Amino acid sequence: MAENEKTLIIGCGNLLRADDAVGPILIRRMWEIGLPENVFCVDGGTAGMDVAFQMRGKDRVIIIDACKTGEEAGTVYKVPGEELEDLPPLTDIHTHNFRWDNALSFGRWLLKDEYPNDITVYLIEAENTDFGENLSPKVKESMEKLAHRLIKELGENTTSVKANAT
């Protein structure tokens with residue numbers, strides 16, 4: 001990470017739907033561990049439109065969310081920004097189905113020159129998205145490993161800052 005580069009990590013998901021909460025829980029865990037300098041975290045929850053506004057002026061954005069593809073629970077997928085170039089068009093969108101991919105498309109349109117150049121999405125395969133508050137063991141383990149990995153990668157040659165939020 002270049003000096004003075006601002007990175008925003010956004011955790012998306014519903015805290016009341018078990019493994020779907022992995023994004024916001026990962027954000028809370030990173031705050032507990034301690035964030036590197038110039039790394040900011042935000043709990044994007046289920047508010048996709050807010051995600052777009054949080055990206056303004058950041059150099060790099062990392063989005064964390066759950067997914068259900070049918071693969072083994074806890075599998076982590078990394079989606080590089082190049083694969084996000086052709087995002088879905090903003091048609092038939094309302095606040096109840098506005099997801100992170102819609103937020104990226106909306107953000108690109110809204111922020112223009114202030115849209116981040118570097119975007120990466122990490123998806124963690126969910127086992128259970130029923131109503132409940134606890135992550136399944138495999139998802140929790142993958143979330144913990146990803147939190148530490150991101151802090152290590154982003155923190156090289158920077159100082160740790162506790163509870164650094166936007």
# chains A, B, ... in the order shown; residues from 1 in each chain; ligands from 1
>>> residues_around(residues="A:Arg56", least_positions_apart="6", cutoff="7 Å", atoms="only C-alpha atoms", output="short mmCIF file (atom, residue, chain, number, x, y, z; two decimals) with N, CA and C atoms, in the first residue's frame")
data_model
loop_
_atom_site.label_atom_id
_atom_site.label_comp_id
_atom_site.auth_asym_id
_atom_site.auth_seq_id
_atom_site.Cartn_x
_atom_site.Cartn_y
_atom_site.Cartn_z
N LEU A 111 -19.76 9.33 -8.45
CA LEU A 111 -18.51 9.89 -7.97
C LEU A 111 -17.55 10.32 -9.07
N GLU A 114 -13.86 10.88 -8.42
CA GLU A 114 -13.60 10.52 -7.02
C GLU A 114 -13.88 9.04 -6.75
N TYR A 115 -14.19 8.28 -7.82
CA TYR A 115 -14.44 6.85 -7.70
C TYR A 115 -13.10 6.13 -7.54
#
>>> residues_around(residues="stretch 128-138 of chain A", least_positions_apart="3", cutoff="8 Å", atoms="only C-alpha atoms", output="PDB file with N, CA and C atoms, in the first residue's frame")
ATOM      1  N   LEU A  15     -27.106  -8.645   9.913  1.00  0.00           N
ATOM      2  CA  LEU A  15     -26.703  -9.180  11.212  1.00  0.00           C
ATOM      3  C   LEU A  15     -27.708 -10.167  11.801  1.00  0.00           C
ATOM      4  N   LEU A  16     -28.906 -10.206  11.278  1.00  0.00           N
ATOM      5  CA  LEU A  16     -29.933 -11.099  11.817  1.00  0.00           C
ATOM      6  C   LEU A  16     -30.078 -12.386  11.021  1.00  0.00           C
ATOM      7  N   ARG A  17     -29.203 -12.603  10.018  1.00  0.00           N
ATOM      8  CA  ARG A  17     -29.323 -13.773   9.150  1.00  0.00           C
ATOM      9  C   ARG A  17     -28.069 -14.645   9.191  1.00  0.00           C
ATOM     10  N   ALA A  18     -27.630 -15.005  10.376  1.00  0.00           N
ATOM     11  CA  ALA A  18     -26.521 -15.938  10.586  1.00  0.00           C
ATOM     12  C   ALA A  18     -25.306 -15.590   9.721  1.00  0.00           C
ATOM     13  N   ASP A  19     -24.895 -16.472   8.809  1.00  0.00           N
ATOM     14  CA  ASP A  19     -23.670 -16.269   8.023  1.00  0.00           C
ATOM     15  C   ASP A  19     -23.736 -15.062   7.096  1.00  0.00           C
ATOM     16  N   ASP A  20     -24.911 -14.562   6.798  1.00  0.00           N
ATOM     17  CA  ASP A  20     -25.015 -13.353   5.975  1.00  0.00           C
ATOM     18  C   ASP A  20     -24.394 -12.158   6.688  1.00  0.00           C
ATOM     19  N   ALA A  21     -24.180 -12.265   7.985  1.00  0.00           N
ATOM     20  CA  ALA A  21     -23.601 -11.178   8.784  1.00  0.00           C
ATOM     21  C   ALA A  21     -22.075 -11.148   8.723  1.00  0.00           C
ATOM     22  N   VAL A  22     -21.464 -12.014   7.938  1.00  0.00           N
ATOM     23  CA  VAL A  22     -20.008 -12.136   7.958  1.00  0.00           C
ATOM     24  C   VAL A  22     -19.298 -10.820   7.628  1.00  0.00           C
ATOM     25  N   ALA A  73     -18.935 -24.456   2.749  1.00  0.00           N
ATOM     26  CA  ALA A  73     -19.049 -23.299   3.639  1.00  0.00           C
ATOM     27  C   ALA A  73     -17.663 -22.832   4.066  1.00  0.00           C
ATOM     28  N   GLY A  74     -17.475 -21.529   4.090  1.00  0.00           N
ATOM     29  CA  GLY A  74     -16.205 -20.948   4.482  1.00  0.00           C
ATOM     30  C   GLY A  74     -15.255 -20.690   3.327  1.00  0.00           C
ATOM     31  N   GLU A 141     -14.311 -19.206  11.061  1.00  0.00           N
ATOM     32  CA  GLU A 141     -12.880 -19.463  10.886  1.00  0.00           C
ATOM     33  C   GLU A 141     -12.342 -18.731   9.659  1.00  0.00           C
ATOM     34  N   SER A 142     -13.054 -18.789   8.543  1.00  0.00           N
ATOM     35  CA  SER A 142     -12.620 -18.089   7.325  1.00  0.00           C
ATOM     36  C   SER A 142     -12.626 -16.582   7.520  1.00  0.00           C
TER      37      SER A 142
END
>>> select_by_dssp(residues="stretch 42-153 of chain A", states="alpha helix (DSSP H)", output="JSON, numbers by chain")
{"A": [48, 49, 50, 51, 52, 53, 54, 100, 101, 102, 103, 104, 105, 106, 107, 108, 109, 110, 111, 137, 138, 139, 140, 141, 142, 143, 144, 145, 146, 147, 148, 149, 150, 151, 152, 153]}
>>> select_by_dssp(residues="chain A", states="strand (DSSP E)", output="number ranges by chain")
A: 7-12, 35-36, 39-45, 60-67, 76-80, 118-125, 160-161
>>> write_last_selection(atoms="C-alpha atoms", output="PDB file, in the first residue's frame")
ATOM      1  CA  THR A   7      -8.317   2.226   1.829  1.00  0.00           C
ATOM      2  CA  LEU A   8     -11.930   1.631   2.755  1.00  0.00           C
ATOM      3  CA  ILE A   9     -13.154  -1.811   3.806  1.00  0.00           C
ATOM      4  CA  ILE A  10     -16.922  -2.261   3.665  1.00  0.00           C
ATOM      5  CA  GLY A  11     -18.619  -5.197   5.347  1.00  0.00           C
ATOM      6  CA  CYS A  12     -22.024  -5.960   3.828  1.00  0.00           C
ATOM      7  CA  LEU A  35      -6.403  -1.079  11.775  1.00  0.00           C
ATOM      8  CA  PRO A  36      -3.341   0.101   9.888  1.00  0.00           C
ATOM      9  CA  VAL A  39      -7.377   2.081   6.515  1.00  0.00           C
ATOM     10  CA  PHE A  40     -10.991   2.818   7.305  1.00  0.00           C
ATOM     11  CA  CYS A  41     -13.811   0.369   7.903  1.00  0.00           C
ATOM     12  CA  VAL A  42     -17.526   0.797   7.625  1.00  0.00           C
ATOM     13  CA  ASP A  43     -20.376  -1.547   8.423  1.00  0.00           C
ATOM     14  CA  GLY A  44     -22.302  -1.390   5.160  1.00  0.00           C
ATOM     15  CA  GLY A  45     -25.002  -3.648   6.562  1.00  0.00           C
ATOM     16  CA  ARG A  60      -8.862   1.511  -2.731  1.00  0.00           C
ATOM     17  CA  VAL A  61     -12.087  -0.222  -1.686  1.00  0.00           C
ATOM     18  CA  ILE A  62     -12.449  -3.756  -0.368  1.00  0.00           C
ATOM     19  CA  ILE A  63     -15.936  -5.187   0.016  1.00  0.00           C
ATOM     20  CA  ILE A  64     -16.686  -8.225   2.164  1.00  0.00           C
ATOM     21  CA  ASP A  65     -19.962 -10.133   1.844  1.00  0.00           C
ATOM     22  CA  ALA A  66     -21.457 -13.603   2.087  1.00  0.00           C
ATOM     23  CA  CYS A  67     -22.523 -15.658  -0.902  1.00  0.00           C
ATOM     24  CA  VAL A  76     -13.344 -17.436   0.243  1.00  0.00           C
ATOM     25  CA  TYR A  77     -13.613 -15.975  -3.241  1.00  0.00           C
ATOM     26  CA  LYS A  78     -11.579 -12.957  -4.319  1.00  0.00           C
ATOM     27  CA  VAL A  79     -13.118 -10.949  -7.141  1.00  0.00           C
ATOM     28  CA  PRO A  80     -10.644  -8.442  -8.642  1.00  0.00           C
ATOM     29  CA  ASP A 118      -8.760  -0.213  -7.021  1.00  0.00           C
ATOM     30  CA  ILE A 119     -11.748  -2.329  -5.950  1.00  0.00           C
ATOM     31  CA  THR A 120     -11.679  -5.896  -4.686  1.00  0.00           C
ATOM     32  CA  VAL A 121     -14.560  -7.993  -3.382  1.00  0.00           C
ATOM     33  CA  TYR A 122     -14.152 -10.936  -1.026  1.00  0.00           C
ATOM     34  CA  LEU A 123     -17.100 -13.309  -0.802  1.00  0.00           C
ATOM     35  CA  ILE A 124     -17.318 -15.957   1.903  1.00  0.00           C
ATOM     36  CA  GLU A 125     -19.475 -18.991   1.199  1.00  0.00           C
ATOM     37  CA  SER A 160      -1.622   0.354  13.740  1.00  0.00           C
ATOM     38  CA  VAL A 161      -4.536   2.545  14.802  1.00  0.00           C
TER      39      VAL A 161
END
>>> residues_around(residues="A:His148", least_positions_apart="4", cutoff="10 Å", atoms="only C-alpha atoms", output="list in words")
Leu26, Arg29, Met30, Ile33, Gly34, Met143, Glu144, Lys152, Glu153 and Leu154 of chain A
>>> closest_residue(among="A:Glu71, A:Asp50, A:Glu5, A:Asp101", to="A:Asn38", atoms="only C-alpha atoms")
A:Glu5
>>> atom_distance(atom1="atom CA of A:Ala103", atom2="atom CA of A:Leu84")
11.6 Å
>>> atom_distance(atom1="atom CA of A:Gly81", atom2="atom CA of A:Leu146")
18.1 Å
